[in-house]
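Engineer: Could you have a look at this structure, given as structure tokens, before my questions?
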Amino acid sequence: MRILVVEDEPHLAAQLRQALTDAGYAVDHAGNGREGWQMGGVQAYDAVVLDLGLPELDGLSVLRRWRAEGVHAPVLILTARDQWHEKVAGIDAGADDYLTKPFHTEELLARVRALIRRAQGLASPVLHGGPVALDTRSGRVTLDGHALVLTSHEYKVLAYLMHRPNAVVSRSELNEHIYAQDFDRDSNTIEVFVARLRKKLPAGLIETVRGLGYRLVAPP
Amino acid sequence: MSPGRRVTSLRLRLLALTGLGVALALLMAGMVISGLFRDALLRQFQSGLEQQLDQLIARVNFDAQGRPQLDDQSLSDPRWQKPYSGLYWQINSADQVVVLRSRSLWDASLANAPDLLSDGALHVHGGVGPRGTSLLVLERVVRPEEMPDLRWRLLVAGDTQAVDDAVTRIRGMLMLALGVLLVLLLLAGWAQVALGLAPLRALQQALTDVRQGRERQIRGPVPQEVQPLVDGFNAVLARNAEVIERARQQAGNLAHAVKTPLAVLAQAAQAAQRRAPSSGPEATADRVLPDLVIEQVALARRQVDWHLARARAAGAHGVAGQRVGVALVLRDLLRVMDKVHAGRALELRCHPVGGDIAFAGEAQDLQEMLGNLLDNACKWARAVVEIDVVLLADAAAPSLEVTIQDDGPGIPPEQRMEALARGGRVDESVPGSGLGLAIVDDLARLYGGALDLDTSPLGGLRARIRLPAMI
């Protein structure tokens, strides 16, 4: 899951980045509105944390531009003003949720998790794929009720696939959603992670669609 | 009615002035016209008398002693013969002794003017007739040709009663005509005042609209004489709104300026808290500072929220002419709730709100109050939040009541006071500044309303907020 944080205050940006990275997300950061708008338009993010008070282009304008351009990523707006008219304006501009500063890290993470889940049309915070269950809140993965130990990259790949059950996910899409922008990527490593995951999971859960990518087969 | 009302009524002043002016003008016109008329009649009457006098002079004969003689029968006008007919003649000697007189004088005689007459001059003067009527008397001196030293005064007098009657009759008709004219002119004056002042009436309506919040500025065409006044008033209104908007903006900026550093502090403290060992001898020591920072940040946030909400509300309160449709504000907020709580399958039951139900106050304040109540209800509700708005009929102080209830756990009666207390939080485990209900209560009080908390038939909290309404 790849997240864009648009926040101009460097300390807060660093903290958000740290907290989200710790929670297992790949995080990109934009320090002003214009940069944020451009990044959000180029890369398909799974969620965006957008501060409203931004230099160069304010948050609401960024949001309106994205929505006008067809960027559908769920957006959580951060506002310091804590006034309802601003919240209404934010939601009307296309935001999916808001959070007022200062906030608890746990609350931010919970909101982001819920946004990503809702965007995929999933109601429960615990995702199921056959005998495998992934709790998005704790990051715990179980197989038939037993805890499964995964590395962080394995977890990211599995979480992304489980958010899109039965959909074909290309290698490059996986690449884009589990690495942050400044990470030195190697598309072959995706195959390595998938191979490792297959060893830990029941056979046939992740199938290869030749020439297209991978699919997590979840029995209904 | 205020003491200054009579003086300041433009309508009355204009009407009184017009009425007075018109009445005076008509009165003078009446007097002048009737005077001119009387003069004309008298002149005509006099010229008639002059003819009579000339006729008489032509018929006067003198005997050997030079005494005048006049044969009554030779005069054609029968009035000379008829007693007191109103037409008389008389001949006096130079020393004013009556020598001859007309039959119509009967036993009376014409009073003499105590003066001397030059030869040939026509003397005109008034006199009193046999029956006390007023007369116009014409006099001329005649002399027999043979004895030029003898002078006789020949008088002709006509009763002016007929002239006076005519004048009186004319004056009556004139009065009637002028009276009708006065009434017509007064009506025209009234219409003029009414039409002239009509724009002021429109202005009054525009002002009422502003006061009742239907308009922010005085609109519509106004006479150019009043335009500077309206412009000035609009400028004051705009400036007022601008000052409040700027104060709000500054409050918002302050919030932004303070809360971002607070957010940084809180994040840092929470990170430190997570890193601190959960047990062992250092655990307590390592947690002291983060705990303190988190606690103080929360406190600071509450203080900032509290004072900002108060400053905003106090700024807006007392600004005339505010009117906010409750239905509109609710619709906006419900849209937010729908989206923010989309993952929870909440049912937001909103009874239809009449479009005419309006809050007499600032839009953002209403948004703040209803937003906090709704957010609170949605946060705690299990499945249902119910919203109802009613207008409380009270002509003196119209008010509206918004009821927002949920099927959540509610607040036990003993904790309700605490929830309304400044910074009180009934449950610290659910995120929020814990000020929501207290700010709502405070704002409602500022507007002279009230917030009541009790138990909903749905099982959770029922919040009822009463606010001033604008009819």
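Every chain in the structure tokens takes a letter, A first, then B, and so on in the order presented; its residues are numbered from 1, and the ligands are numbered from 1 following the presented order.
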Counting only C-alpha atoms, collect the residues of chain A whose closest atom lies at most 10 Å from chain B, and write them out as number ranges by chain.
Structural biologist: A: 9-16, 18-19, 52-53, 76, 78-92, 94-107, 111, 114-115, 117-119, 121-124
Engineer: Could you pull out all residues of range 194-361 of chain B with a DSSP call of strand (DSSP E or B) and give them as a ChimeraX atom specification?
Structural biologist: /B:324-325,347-350,358-359
Engineer: Using only C-alpha atoms, can you tell me which of B:Leu136, B:Val304, B:Val142, B:Met173 comes closest to Arg59 in chain B?
Structural biologist: B:Val142
Engineer: If we count only C-alpha atoms and set the cut-off at 10 Å, which residues sit around Thr21 in chain A, ignoring sequence neighbours fewer than 5 positions away in its own chain? Please answer as a VMD selection string.
Structural biologist: chain A and resid 2 to 3 15 to 16 26 to 28 180
Engineer: Write the residues of the selection above to a file with N, CA and C atoms, as a PDB file, in the first residue's frame.
Structural biologist:
ATOM      1  N   ARG A   2       0.648   2.111  -0.979  1.00  0.00           N
ATOM      2  CA  ARG A   2       1.499   3.289  -1.091  1.00  0.00           C
ATOM      3  C   ARG A   2       0.672   4.538  -0.773  1.00  0.00           C
ATOM      4  N   ILE A   3       1.261   5.365   0.059  1.00  0.00           N
ATOM      5  CA  ILE A   3       0.523   6.528   0.560  1.00  0.00           C
ATOM      6  C   ILE A   3       1.288   7.809   0.263  1.00  0.00           C
ATOM      7  N   GLN A  15       7.275  12.941  10.960  1.00  0.00           N
ATOM      8  CA  GLN A  15       6.589  12.069  11.922  1.00  0.00           C
ATOM      9  C   GLN A  15       5.522  11.226  11.228  1.00  0.00           C
ATOM     10  N   LEU A  16       4.780  11.860  10.343  1.00  0.00           N
ATOM     11  CA  LEU A  16       3.729  11.124   9.622  1.00  0.00           C
ATOM     12  C   LEU A  16       4.352  10.007   8.793  1.00  0.00           C
ATOM     13  N   ALA A  26       4.216   2.090   2.130  1.00  0.00           N
ATOM     14  CA  ALA A  26       5.252   2.806   1.401  1.00  0.00           C
ATOM     15  C   ALA A  26       4.780   4.250   1.335  1.00  0.00           C
ATOM     16  N   VAL A  27       5.643   5.168   1.753  1.00  0.00           N
ATOM     17  CA  VAL A  27       5.191   6.550   1.902  1.00  0.00           C
ATOM     18  C   VAL A  27       5.992   7.511   1.019  1.00  0.00           C
ATOM     19  N   ASP A  28       5.264   8.332   0.232  1.00  0.00           N
ATOM     20  CA  ASP A  28       5.898   9.422  -0.504  1.00  0.00           C
ATOM     21  C   ASP A  28       5.485  10.724   0.156  1.00  0.00           C
ATOM     22  N   ALA A 180       8.192   3.073  -1.945  1.00  0.00           N
ATOM     23  CA  ALA A 180       8.087   4.521  -2.011  1.00  0.00           C
ATOM     24  C   ALA A 180       8.863   5.007  -3.223  1.00  0.00           C
TER      25      ALA A 180
END
Engineer: When you look at range 440-442 of chain B with a cut-off of 12 Å (counting only C-alpha atoms), what residues show up, excluding the ones that are within fewer than 6 positions of it in the same chain? I need them as an MDAnalysis selection string.
Structural biologist: chainID B and resid 305:314 365:376 416:423 434 448:453 463:467
Engineer: Write out, as a short mmCIF file (atom, residue, chain, number, x, y, z; two decimals), in the first residue's frame, the residues just selected, with N, CA and C atoms.
Structural biologist:
data_model
loop_
_atom_site.label_atom_id
_atom_site.label_comp_id
_atom_site.auth_asym_id
_atom_site.auth_seq_id
_atom_site.Cartn_x
_atom_site.Cartn_y
_atom_site.Cartn_z
N ASP B 305 -9.36 25.47 21.36
CA ASP B 305 -10.68 25.24 20.78
C ASP B 305 -11.74 26.06 21.49
N TRP B 306 -11.64 26.01 22.81
CA TRP B 306 -12.64 26.69 23.63
C TRP B 306 -12.67 28.18 23.37
N HIS B 307 -11.48 28.77 23.47
CA HIS B 307 -11.43 30.23 23.32
C HIS B 307 -11.73 30.68 21.90
N LEU B 308 -11.30 29.88 20.94
CA LEU B 308 -11.60 30.24 19.55
C LEU B 308 -13.10 30.19 19.29
N ALA B 309 -13.73 29.14 19.78
CA ALA B 309 -15.17 29.01 19.57
C ALA B 309 -15.90 30.18 20.20
N ARG B 310 -15.45 30.52 21.40
CA ARG B 310 -16.09 31.64 22.11
C ARG B 310 -15.87 32.96 21.39
N ALA B 311 -14.62 33.18 20.96
CA ALA B 311 -14.29 34.44 20.29
C ALA B 311 -15.11 34.57 19.01
N ARG B 312 -15.21 33.46 18.28
CA ARG B 312 -15.97 33.49 17.03
C ARG B 312 -17.42 33.84 17.29
N ALA B 313 -17.99 33.13 18.27
CA ALA B 313 -19.41 33.32 18.55
C ALA B 313 -19.67 34.72 19.07
N ALA B 314 -18.81 35.18 19.96
CA ALA B 314 -19.01 36.52 20.53
C ALA B 314 -18.92 37.57 19.44
N ASP B 365 -21.81 29.35 13.23
CA ASP B 365 -22.12 28.94 14.61
C ASP B 365 -23.14 27.81 14.61
N LEU B 366 -24.15 27.93 13.73
CA LEU B 366 -25.15 26.86 13.65
C LEU B 366 -24.46 25.57 13.18
N GLN B 367 -23.58 25.72 12.20
CA GLN B 367 -22.85 24.58 11.68
C GLN B 367 -22.03 23.94 12.81
N GLU B 368 -21.41 24.80 13.61
CA GLU B 368 -20.57 24.32 14.70
C GLU B 368 -21.40 23.51 15.70
N MET B 369 -22.56 24.07 16.06
CA MET B 369 -23.39 23.41 17.08
C MET B 369 -23.95 22.09 16.55
N LEU B 370 -24.60 22.15 15.38
CA LEU B 370 -25.22 20.94 14.84
C LEU B 370 -24.14 19.93 14.43
N GLY B 371 -23.02 20.44 13.92
CA GLY B 371 -21.93 19.54 13.51
C GLY B 371 -21.40 18.75 14.68
N ASN B 372 -21.16 19.44 15.78
CA ASN B 372 -20.64 18.75 16.96
C ASN B 372 -21.64 17.73 17.49
N LEU B 373 -22.93 18.12 17.52
CA LEU B 373 -23.95 17.20 18.03
C LEU B 373 -24.07 15.97 17.13
N LEU B 374 -24.07 16.22 15.81
CA LEU B 374 -24.20 15.12 14.85
C LEU B 374 -22.99 14.20 14.92
N ASP B 375 -21.82 14.81 14.96
CA ASP B 375 -20.59 14.04 15.00
C ASP B 375 -20.56 13.16 16.24
N ASN B 376 -20.97 13.77 17.34
CA ASN B 376 -21.04 13.04 18.60
C ASN B 376 -21.99 11.84 18.48
N ARG B 416 -23.78 13.77 32.86
CA ARG B 416 -24.17 14.73 31.82
C ARG B 416 -23.63 16.13 32.10
N MET B 417 -23.68 16.50 33.37
CA MET B 417 -23.16 17.82 33.73
C MET B 417 -21.68 17.91 33.37
N GLU B 418 -21.00 16.81 33.62
CA GLU B 418 -19.56 16.76 33.35
C GLU B 418 -19.28 16.92 31.86
N ALA B 419 -20.16 16.31 31.06
CA ALA B 419 -19.97 16.38 29.61
C ALA B 419 -20.10 17.81 29.12
N LEU B 420 -20.93 18.59 29.81
CA LEU B 420 -21.13 19.97 29.39
C LEU B 420 -20.10 20.91 29.99
N ALA B 421 -19.36 20.38 31.00
CA ALA B 421 -18.38 21.24 31.64
C ALA B 421 -17.22 21.46 30.68
N ARG B 422 -16.56 22.56 30.87
CA ARG B 422 -15.48 22.94 29.98
C ARG B 422 -14.38 21.89 30.00
N GLY B 423 -14.13 21.30 28.88
CA GLY B 423 -13.03 20.34 28.77
C GLY B 423 -13.36 18.98 29.33
N GLY B 434 -13.05 16.46 23.26
CA GLY B 434 -13.84 16.39 24.48
C GLY B 434 -14.55 17.69 24.76
N GLY B 448 -28.75 32.79 23.64
CA GLY B 448 -29.96 32.81 24.46
C GLY B 448 -30.75 31.52 24.36
N GLY B 449 -30.13 30.47 23.86
CA GLY B 449 -30.79 29.17 23.77
C GLY B 449 -30.29 28.24 24.86
N ALA B 450 -30.52 26.95 24.67
CA ALA B 450 -30.10 25.99 25.69
C ALA B 450 -29.90 24.62 25.06
N LEU B 451 -29.04 23.84 25.69
CA LEU B 451 -28.82 22.46 25.27
C LEU B 451 -29.26 21.54 26.41
N ASP B 452 -30.13 20.60 26.09
CA ASP B 452 -30.59 19.63 27.09
C ASP B 452 -30.14 18.24 26.69
N LEU B 453 -29.65 17.49 27.65
CA LEU B 453 -29.27 16.11 27.38
C LEU B 453 -30.17 15.19 28.19
N ALA B 463 -29.96 14.72 22.47
CA ALA B 463 -29.55 16.11 22.67
C ALA B 463 -30.60 17.00 22.04
N ARG B 464 -31.13 17.92 22.83
CA ARG B 464 -32.11 18.86 22.28
C ARG B 464 -31.56 20.26 22.44
N ILE B 465 -31.45 20.94 21.33
CA ILE B 465 -30.90 22.29 21.39
C ILE B 465 -31.97 23.28 20.94
N ARG B 466 -32.20 24.29 21.79
CA ARG B 466 -33.19 25.30 21.47
C ARG B 466 -32.47 26.59 21.08
N LEU B 467 -32.84 27.17 19.97
CA LEU B 467 -32.15 28.35 19.46
C LEU B 467 -33.15 29.39 18.97
#
Engineer: Name the residues of range 187-372 of chain B that come out as alpha helix (DSSP H) in a backbone DSSP run; write them as an MDAnalysis selection string.
Structural biologist: chainID B and resid 187:211 227:275 281:316 326:340 363:372
Engineer: Hey, can you check how far CA of Trp89 in chain B sits from CA of Leu154 in chain B?
Structural biologist: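 Computed distance, CA of Trp89 in chain B to CA of Leu154 in chain B, equals 7.4 Å.
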Engineer: So that I can check the surroundings of range 356-361 of chain B, please list as a PyMOL selection string every protein, DNA and RNA residue that reaches within 6 Å of it, counting only C-alpha atoms and ignoring chain neighbours fewer than 4 positions away.
Structural biologist: chain B and resi 322-326+468-470
Engineer: Which value, in Å to one decimal, gives the distance between CA of Leu161 in chain A and CA of Leu216 in chain A?
Structural biologist: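 These two atoms are separated by 6.0 Å.
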Engineer: Using only C-alpha atoms, pick whichever of B:Val137, B:Val385, B:Ala121, B:Leu70 has the shortest atom-to-atom distance to Tyr88 in chain B.
Structural biologist: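 Result for the nearest residue to Tyr88 in chain B: B:Val137.
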Engineer: So how far away is CA of Trp190 in chain B from CA of Thr18 in chain B, in Å?
Structural biologist: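 Spanning CA of Thr18 in chain B to CA of Trp190 in chain B is a straight-line distance of 8.5 Å.
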Engineer: Taking 2 positions as the minimum chain separation for residues in the same chain, which residues sit within 7 Å of Val168 in chain A when counting only C-alpha atoms? Answer as a list in words.
Structural biologist: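 Selected residues are Asn166, Ser170, Gly213, Tyr214 and Arg215 of chain A.
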Engineer: Could you save those same residues with C-alpha atoms as a PDB file, in the first residue's frame?
Structural biologist:
ATOM      1  CA  ASN A 166      -9.730 -12.131  -7.481  1.00  0.00           C
ATOM      2  CA  SER A 170       0.476  -6.695 -12.587  1.00  0.00           C
ATOM      3  CA  GLY A 213       0.483 -10.652 -13.278  1.00  0.00           C
ATOM      4  CA  TYR A 214      -0.797 -12.289 -10.128  1.00  0.00           C
ATOM      5  CA  ARG A 215      -4.202 -13.019  -8.695  1.00  0.00           C
TER       6      ARG A 215
END
Engineer: Find the residue from A:Gly41, A:Gly70, A:Pro165, A:Gly204 that sits nearest to Gln120 in chain A; use only C-alpha atoms when measuring.
Structural biologist: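 Using only C-alpha atoms, the shortest distance to Gln120 in chain A belongs to A:Pro165.
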Engineer: Using only C-alpha atoms, which protein or nucleic acid residues come within 8 Å of His177 in chain A? Drop anything in the same chain fewer than 4 positions from it, and give the result as a PDB file with N, CA and C atoms, in the first residue's frame.
Structural biologist:
ATOM      1  N   MET A   1       0.841  -1.189   0.000  1.00  0.00           N
ATOM      2  CA  MET A   1       0.000   0.000   0.000  1.00  0.00           C
ATOM      3  C   MET A   1       0.872   1.233   0.000  1.00  0.00           C
ATOM      4  N   ARG A   2       0.648   2.111  -0.979  1.00  0.00           N
ATOM      5  CA  ARG A   2       1.499   3.289  -1.091  1.00  0.00           C
ATOM      6  C   ARG A   2       0.672   4.538  -0.773  1.00  0.00           C
ATOM      7  N   ALA A  26       4.216   2.090   2.130  1.00  0.00           N
ATOM      8  CA  ALA A  26       5.252   2.806   1.401  1.00  0.00           C
ATOM      9  C   ALA A  26       4.780   4.250   1.335  1.00  0.00           C
ATOM     10  N   TYR A  45      -1.995   6.355  -5.913  1.00  0.00           N
ATOM     11  CA  TYR A  45      -1.791   6.059  -4.493  1.00  0.00           C
ATOM     12  C   TYR A  45      -3.001   5.337  -3.926  1.00  0.00           C
ATOM     13  N   ASP A  46      -2.741   4.581  -2.858  1.00  0.00           N
ATOM     14  CA  ASP A  46      -3.851   3.863  -2.232  1.00  0.00           C
ATOM     15  C   ASP A  46      -4.592   4.763  -1.248  1.00  0.00           C
ATOM     16  N   TYR A 160      -1.524  -6.076  -0.299  1.00  0.00           N
ATOM     17  CA  TYR A 160      -2.023  -5.445  -1.529  1.00  0.00           C
ATOM     18  C   TYR A 160      -2.919  -6.410  -2.298  1.00  0.00           C
ATOM     19  N   GLU A 173       2.367  -2.887 -11.089  1.00  0.00           N
ATOM     20  CA  GLU A 173       1.417  -2.296 -10.125  1.00  0.00           C
ATOM     21  C   GLU A 173       1.862  -2.622  -8.699  1.00  0.00           C
TER      22      GLU A 173
END
